[in-house]
Amino acid sequence: MTALEAQNPLMPVSELRVKFRGKGPTQAERLTQVGQFRISNAIARPNLPDLFYITELGPGLFAGELHEIYLEVDDATKTALRQQAATRVLRNPLPNVASIRTEVIVGSQSSLEMLAQPIICFQGSRMHSEVEFQLAEDSELTFTEVVGVRVGLDAEISLGNTFRTKDELIFVDRLEVSQNPLYGLDETWLEVMGGSGSYGALYHFSKNFAHHKALVELATSTSSSALEHFDLYTVSPREDFTILRAHAAQAEALVELFEDAAAALQTNG
C-alpha cells in the first residue's frame with residue numbers, strides 16, 4: 001500500500017493505470033482502464049511530443065467516489081497529456097467528497113507536459129484531489145491546474161500537489177476553495193469580474209534554466225487586458241522549479257495562457 005492509498009481507505013470506483021514508453025513514437029501501455037477515465041490513442045505532432053487525451057466517460061464527479069490515476073513515463077520518453085473536457089464536480093447535499101488520487105512518475109531523460117482543463121464547481125460541490133509527482137533529477141515536467149469560483153459559492157475544493165525526486169522533497173502546494181475566497185482574495189475582487197473568477201497554476205521542473213527565464217518573462221510581459229483583470233506572477237522555491245500563478249475572470253483565459261506558456265517552453269528547447 002502506498003502512502004496515498006493509506007490516506008484514503010475507500011475502494012476506487014474507477015482506476016486508470018498507464019505506462020508511456022518509446023524513443024520515437026510514444027506507446028501507451030494501458031495496464032488498467034476501469035470506470036470513468038480512459039486514455040486516447042497517440043496523436044503525432046511534428047517536432048513535438050506525441051499527444052494523448054485523458055477522457056471522462058461519466059457526467060462528472062459524485063460525492064463519496066474515489067478515482068485513482070497512475071501515470072508512468074519510462075526513461076527517455078517524451079509525452080504530452082491533455083484533458084478532453086472540463087472536470088465537473090456535481091452538486092450533492094451530502095457531506096462526502098469526490099476524491100481523485102493521482103501518482104505520476106517521470107523517468108530519467110524524460111519529459112511530461114500535463115495540461116488541465118478547468119475544474120467546474122457548483123453549489124454544494126465537494127472535491128479532494130492529491131497529485132504526487134516522482135521526478136528523475138534529469139527529467140522535465142510541466143503541470144497545470146485551473147479552478148473557477150463565484151461569489152457566495154458554497155463549495156469545498158482542495159487540491160494538493162507534491163513534487164519530489166528520489167532523494168528529496170521539491171515542493172508541496174495546496175489550493176483550498178471554501179465558499180468564495182481564493183488564497184485570501186475577498187468578494188470585492190470577484191465582484192469586479194462579474195461575481196466569478198478563476199485561479200490557476202503552472203508548475204515547471206527542469207534543469208534547462210532558459211525555461212525558468214521564459215516563464216518569468218511571460219509573467220512580466222503579459223498585458224492585463226489579456227486576462228481581464230488578472231494577477232500573474234512567478235515563484236521559484238529553487239532554481240530548477242518555477243510556479244506561474246494567475247487569477248482571471250474566465251477560466252478559459254488561464255487555460256489559453258498556460259498552453260502558450262507550455263509552447264514557449266517547447267520553443268526554448
# chains A, B, ... in the order shown; residues from 1 in each chain; ligands from 1

call {"tool": "closest_atom_pairs", "arguments": {"of": "segment 228-262 of chain A", "to": "segment 107-116 of chain A", "cutoff": "9 Å", "atoms": "only C-alpha atoms", "output": "Markdown table"}}
result
| residue | atom | partner | partner_atom | distance |
| --- | --- | --- | --- | --- |
| A:Val255 | CA | A:Ala116 | CA | 7.5 |
| A:Phe258 | CA | A:Leu115 | CA | 7.7 |
| A:Glu259 | CA | A:Leu115 | CA | 7.4 |
| A:Ala262 | CA | A:Glu113 | CA | 7.7 |

call {"tool": "select_by_dssp", "arguments": {"residues": "segment 20-153 of chain A", "states": "strand (DSSP E or B)", "output": "PyMOL selection string"}}
result
chain A and resi 20-21+27-34+37-39+43-45+48-56+61+66-73+78-83+87-89+98-106+111-115+119-121+126-135+140-150

call {"tool": "residues_around", "arguments": {"residues": "Glu137 of chain A", "least_positions_apart": "5", "cutoff": "12 Å", "atoms": "only C-alpha atoms", "output": "list of chain:residue names"}}
result
A:Asp75, A:Ile105, A:Val106, A:Gly107, A:Ser108, A:Gln109, A:Ser110, A:Ser111, A:Phe163, A:Arg164, A:Thr165, A:Lys166, A:Asp167, A:Glu168, A:Leu169, A:Ile170, A:Phe205, A:Ser206, A:Lys207, A:Asn208, A:Asp240, A:Phe241

call {"tool": "atom_distance", "arguments": {"atom1": "atom CA of Val235 of chain A", "atom2": "atom CA of Glu103 of chain A"}}
result
23.7 Å

call {"tool": "residues_around", "arguments": {"residues": "segment 210-223 of chain A", "least_positions_apart": "4", "cutoff": "8 Å", "atoms": "only C-alpha atoms", "output": "count of residues only"}}
result
14

call {"tool": "closest_residue", "arguments": {"among": "A:Leu202, A:Val73, A:Ala155, A:Ala248", "to": "Asp260 of chain A", "atoms": "only C-alpha atoms"}}
result
A:Leu202

call {"tool": "select_by_dssp", "arguments": {"residues": "segment 16-243 of chain A", "states": "alpha helix (DSSP H)", "output": "number ranges by chain"}}
result
A: 187-192, 209-221, 224-227

call {"tool": "write_last_selection", "arguments": {"atoms": "N, CA and C atoms", "output": "short mmCIF file (atom, residue, chain, number, x, y, z; two decimals), in the first residue's frame"}}
result
data_model
loop_
_atom_site.label_atom_id
_atom_site.label_comp_id
_atom_site.auth_asym_id
_atom_site.auth_seq_id
_atom_site.Cartn_x
_atom_site.Cartn_y
_atom_site.Cartn_z
N GLU A 187 -14.43 39.20 -1.64
CA GLU A 187 -15.52 39.23 -2.60
C GLU A 187 -15.42 40.43 -3.54
N THR A 188 -14.80 41.51 -3.11
CA THR A 188 -14.68 42.69 -3.96
C THR A 188 -13.98 42.35 -5.26
N TRP A 189 -12.90 41.55 -5.16
CA TRP A 189 -12.15 41.18 -6.37
C TRP A 189 -13.04 40.40 -7.33
N LEU A 190 -13.83 39.46 -6.80
CA LEU A 190 -14.70 38.66 -7.64
C LEU A 190 -15.83 39.50 -8.22
N GLU A 191 -16.36 40.43 -7.45
CA GLU A 191 -17.45 41.26 -7.93
C GLU A 191 -17.00 42.16 -9.08
N VAL A 192 -15.74 42.60 -9.04
CA VAL A 192 -15.20 43.40 -10.14
C VAL A 192 -15.29 42.63 -11.46
N PHE A 209 17.62 26.06 -17.60
CA PHE A 209 17.29 27.30 -16.90
C PHE A 209 16.73 28.37 -17.83
N ALA A 210 16.87 28.16 -19.15
CA ALA A 210 16.20 29.06 -20.09
C ALA A 210 14.68 28.94 -19.97
N HIS A 211 14.20 27.77 -19.56
CA HIS A 211 12.76 27.59 -19.35
C HIS A 211 12.26 28.50 -18.24
N HIS A 212 12.96 28.53 -17.14
CA HIS A 212 12.52 29.33 -16.00
C HIS A 212 12.59 30.83 -16.32
N LYS A 213 13.60 31.22 -17.08
CA LYS A 213 13.70 32.61 -17.52
C LYS A 213 12.52 32.96 -18.41
N ALA A 214 12.11 32.04 -19.29
CA ALA A 214 10.99 32.29 -20.20
C ALA A 214 9.69 32.49 -19.42
N LEU A 215 9.49 31.73 -18.35
CA LEU A 215 8.27 31.88 -17.54
C LEU A 215 8.25 33.23 -16.83
N VAL A 216 9.39 33.65 -16.32
CA VAL A 216 9.47 34.96 -15.66
C VAL A 216 9.18 36.07 -16.67
N GLU A 217 9.74 35.95 -17.87
CA GLU A 217 9.49 36.97 -18.90
C GLU A 217 8.02 36.99 -19.30
N LEU A 218 7.39 35.83 -19.36
CA LEU A 218 5.96 35.77 -19.69
C LEU A 218 5.14 36.50 -18.63
N ALA A 219 5.48 36.28 -17.37
CA ALA A 219 4.72 36.90 -16.28
C ALA A 219 4.86 38.42 -16.30
N THR A 220 6.00 38.92 -16.73
CA THR A 220 6.22 40.37 -16.72
C THR A 220 5.75 41.05 -18.00
N SER A 221 5.53 40.28 -19.07
CA SER A 221 5.18 40.89 -20.36
C SER A 221 3.71 40.77 -20.72
N SER A 224 -2.60 43.19 -18.95
CA SER A 224 -3.77 42.93 -18.10
C SER A 224 -5.01 42.67 -18.92
N SER A 225 -5.12 43.27 -20.12
CA SER A 225 -6.31 43.06 -20.94
C SER A 225 -6.42 41.62 -21.40
N ALA A 226 -5.28 40.94 -21.50
CA ALA A 226 -5.31 39.56 -21.97
C ALA A 226 -6.02 38.65 -20.99
N LEU A 227 -5.95 38.97 -19.69
CA LEU A 227 -6.56 38.12 -18.68
C LEU A 227 -7.77 38.76 -18.01
#

call {"tool": "residues_around", "arguments": {"residues": "Ile69 of chain A", "least_positions_apart": "2", "cutoff": "6 Å", "atoms": "only C-alpha atoms", "output": "ChimeraX atom specification"}}
result
/A:15-17,102

call {"tool": "closest_residue", "arguments": {"among": "A:Pro95, A:Ile43, A:Thr55, A:Ile100", "to": "Gln117 of chain A", "atoms": "only C-alpha atoms"}}
result
A:Thr55

call {"tool": "residues_around", "arguments": {"residues": "Arg88 of chain A", "least_positions_apart": "5", "cutoff": "7 Å", "atoms": "only C-alpha atoms", "output": "ChimeraX atom specification"}}
result
/A:60-61,119-121

call {"tool": "atom_distance", "arguments": {"atom1": "atom CA of Ser139 of chain A", "atom2": "atom CA of Thr26 of chain A"}}
result
16.3 Å

call {"tool": "atom_distance", "arguments": {"atom1": "atom CA of Val34 of chain A", "atom2": "atom CA of Leu57 of chain A"}}
result
10.7 Å

call {"tool": "decode", "arguments": {"residues": "segment 44-140 of chain A", "atoms": "C-alpha atoms", "output": "CSV table (one decimal), in the first residue's frame"}}
result
chain,number,residue,atom,x,y,z
A,44,ALA,CA,1.5,12.5,-33.6
A,45,ARG,CA,2.7,16.2,-33.8
A,46,PRO,CA,5.7,17.3,-35.9
A,47,ASN,CA,8.7,18.3,-33.8
A,48,LEU,CA,6.6,17.9,-30.6
A,49,PRO,CA,6.0,15.0,-28.2
A,50,ASP,CA,3.1,12.7,-29.1
A,51,LEU,CA,-0.2,13.9,-27.5
A,52,PHE,CA,-2.6,11.8,-25.5
A,53,TYR,CA,-6.0,12.8,-24.1
A,54,ILE,CA,-7.4,11.7,-20.8
A,55,THR,CA,-11.2,11.5,-21.2
A,56,GLU,CA,-14.1,11.1,-18.7
A,57,LEU,CA,-16.9,8.8,-19.7
A,58,GLY,CA,-19.4,10.0,-17.0
A,59,PRO,CA,-21.1,13.3,-16.4
A,60,GLY,CA,-18.8,14.4,-13.7
A,61,LEU,CA,-17.5,13.5,-10.2
A,62,PHE,CA,-20.0,12.5,-7.5
A,63,ALA,CA,-19.6,12.8,-3.7
A,64,GLY,CA,-18.3,9.7,-2.0
A,65,GLU,CA,-16.4,8.4,-5.0
A,66,LEU,CA,-12.7,7.7,-5.2
A,67,HIS,CA,-10.9,7.7,-8.5
A,68,GLU,CA,-7.3,6.6,-8.9
A,69,ILE,CA,-4.9,7.5,-11.7
A,70,TYR,CA,-1.4,6.2,-12.1
A,71,LEU,CA,0.8,7.5,-14.9
A,72,GLU,CA,4.4,6.4,-15.6
A,73,VAL,CA,6.7,7.9,-18.2
A,74,ASP,CA,9.5,5.5,-19.0
A,75,ASP,CA,13.1,6.6,-19.3
A,76,ALA,CA,14.0,8.6,-22.5
A,77,THR,CA,10.3,9.2,-23.3
A,78,LYS,CA,8.6,12.4,-24.2
A,79,THR,CA,4.9,12.7,-23.7
A,80,ALA,CA,2.1,15.3,-23.6
A,81,LEU,CA,-1.2,14.9,-21.9
A,82,ARG,CA,-4.4,16.9,-22.1
A,83,GLN,CA,-7.8,16.6,-20.6
A,84,GLN,CA,-10.5,16.3,-23.2
A,85,ALA,CA,-13.0,18.4,-21.3
A,86,ALA,CA,-13.5,20.3,-18.0
A,87,THR,CA,-14.0,18.3,-14.8
A,88,ARG,CA,-17.4,18.9,-13.3
A,89,VAL,CA,-17.8,18.4,-9.5
A,90,LEU,CA,-21.5,17.7,-9.3
A,91,ARG,CA,-23.9,19.1,-6.6
A,92,ASN,CA,-24.5,16.9,-3.7
A,93,PRO,CA,-26.1,17.7,-0.3
A,94,LEU,CA,-24.2,15.0,1.5
A,95,PRO,CA,-21.0,15.9,3.4
A,96,ASN,CA,-19.0,13.3,1.5
A,97,VAL,CA,-16.4,14.4,-1.1
A,98,ALA,CA,-15.4,13.3,-4.5
A,99,SER,CA,-11.8,12.2,-4.4
A,100,ILE,CA,-9.1,11.8,-7.1
A,101,ARG,CA,-5.7,10.3,-6.2
A,102,THR,CA,-3.1,10.6,-8.8
A,103,GLU,CA,0.5,9.3,-8.9
A,104,VAL,CA,2.9,10.4,-11.7
A,105,ILE,CA,6.4,9.0,-12.3
A,106,VAL,CA,8.7,10.7,-14.8
A,107,GLY,CA,11.8,8.7,-15.7
A,108,SER,CA,15.4,9.7,-16.5
A,109,GLN,CA,15.9,11.9,-19.6
A,110,SER,CA,12.1,12.1,-20.0
A,111,SER,CA,9.6,14.9,-20.2
A,112,LEU,CA,5.9,15.2,-19.4
A,113,GLU,CA,3.6,18.1,-20.3
A,114,MET,CA,0.3,17.6,-18.4
A,115,LEU,CA,-2.1,20.5,-19.1
A,116,ALA,CA,-5.5,20.5,-17.4
A,117,GLN,CA,-9.0,21.8,-18.4
A,118,PRO,CA,-10.8,23.8,-15.7
A,119,ILE,CA,-12.5,22.3,-12.6
A,120,ILE,CA,-16.1,23.5,-12.7
A,121,CYS,CA,-17.7,23.9,-9.3
A,122,PHE,CA,-21.4,24.1,-8.4
A,123,GLN,CA,-23.4,24.9,-5.3
A,124,GLY,CA,-22.6,22.1,-2.9
A,125,SER,CA,-19.6,20.8,-4.8
A,126,ARG,CA,-17.1,18.9,-2.7
A,127,MET,CA,-13.8,17.6,-4.1
A,128,HIS,CA,-10.4,16.5,-2.8
A,129,SER,CA,-7.5,15.9,-5.2
A,130,GLU,CA,-4.0,14.7,-4.3
A,131,VAL,CA,-1.3,14.5,-7.0
A,132,GLU,CA,2.1,13.2,-6.2
A,133,PHE,CA,5.0,13.5,-8.7
A,134,GLN,CA,8.1,11.4,-8.5
A,135,LEU,CA,10.7,13.0,-10.8
A,136,ALA,CA,14.1,11.9,-12.0
A,137,GLU,CA,16.7,14.5,-11.5
A,138,ASP,CA,17.3,14.9,-15.2
A,139,SER,CA,13.6,14.9,-16.2
A,140,GLU,CA,11.2,17.7,-17.1
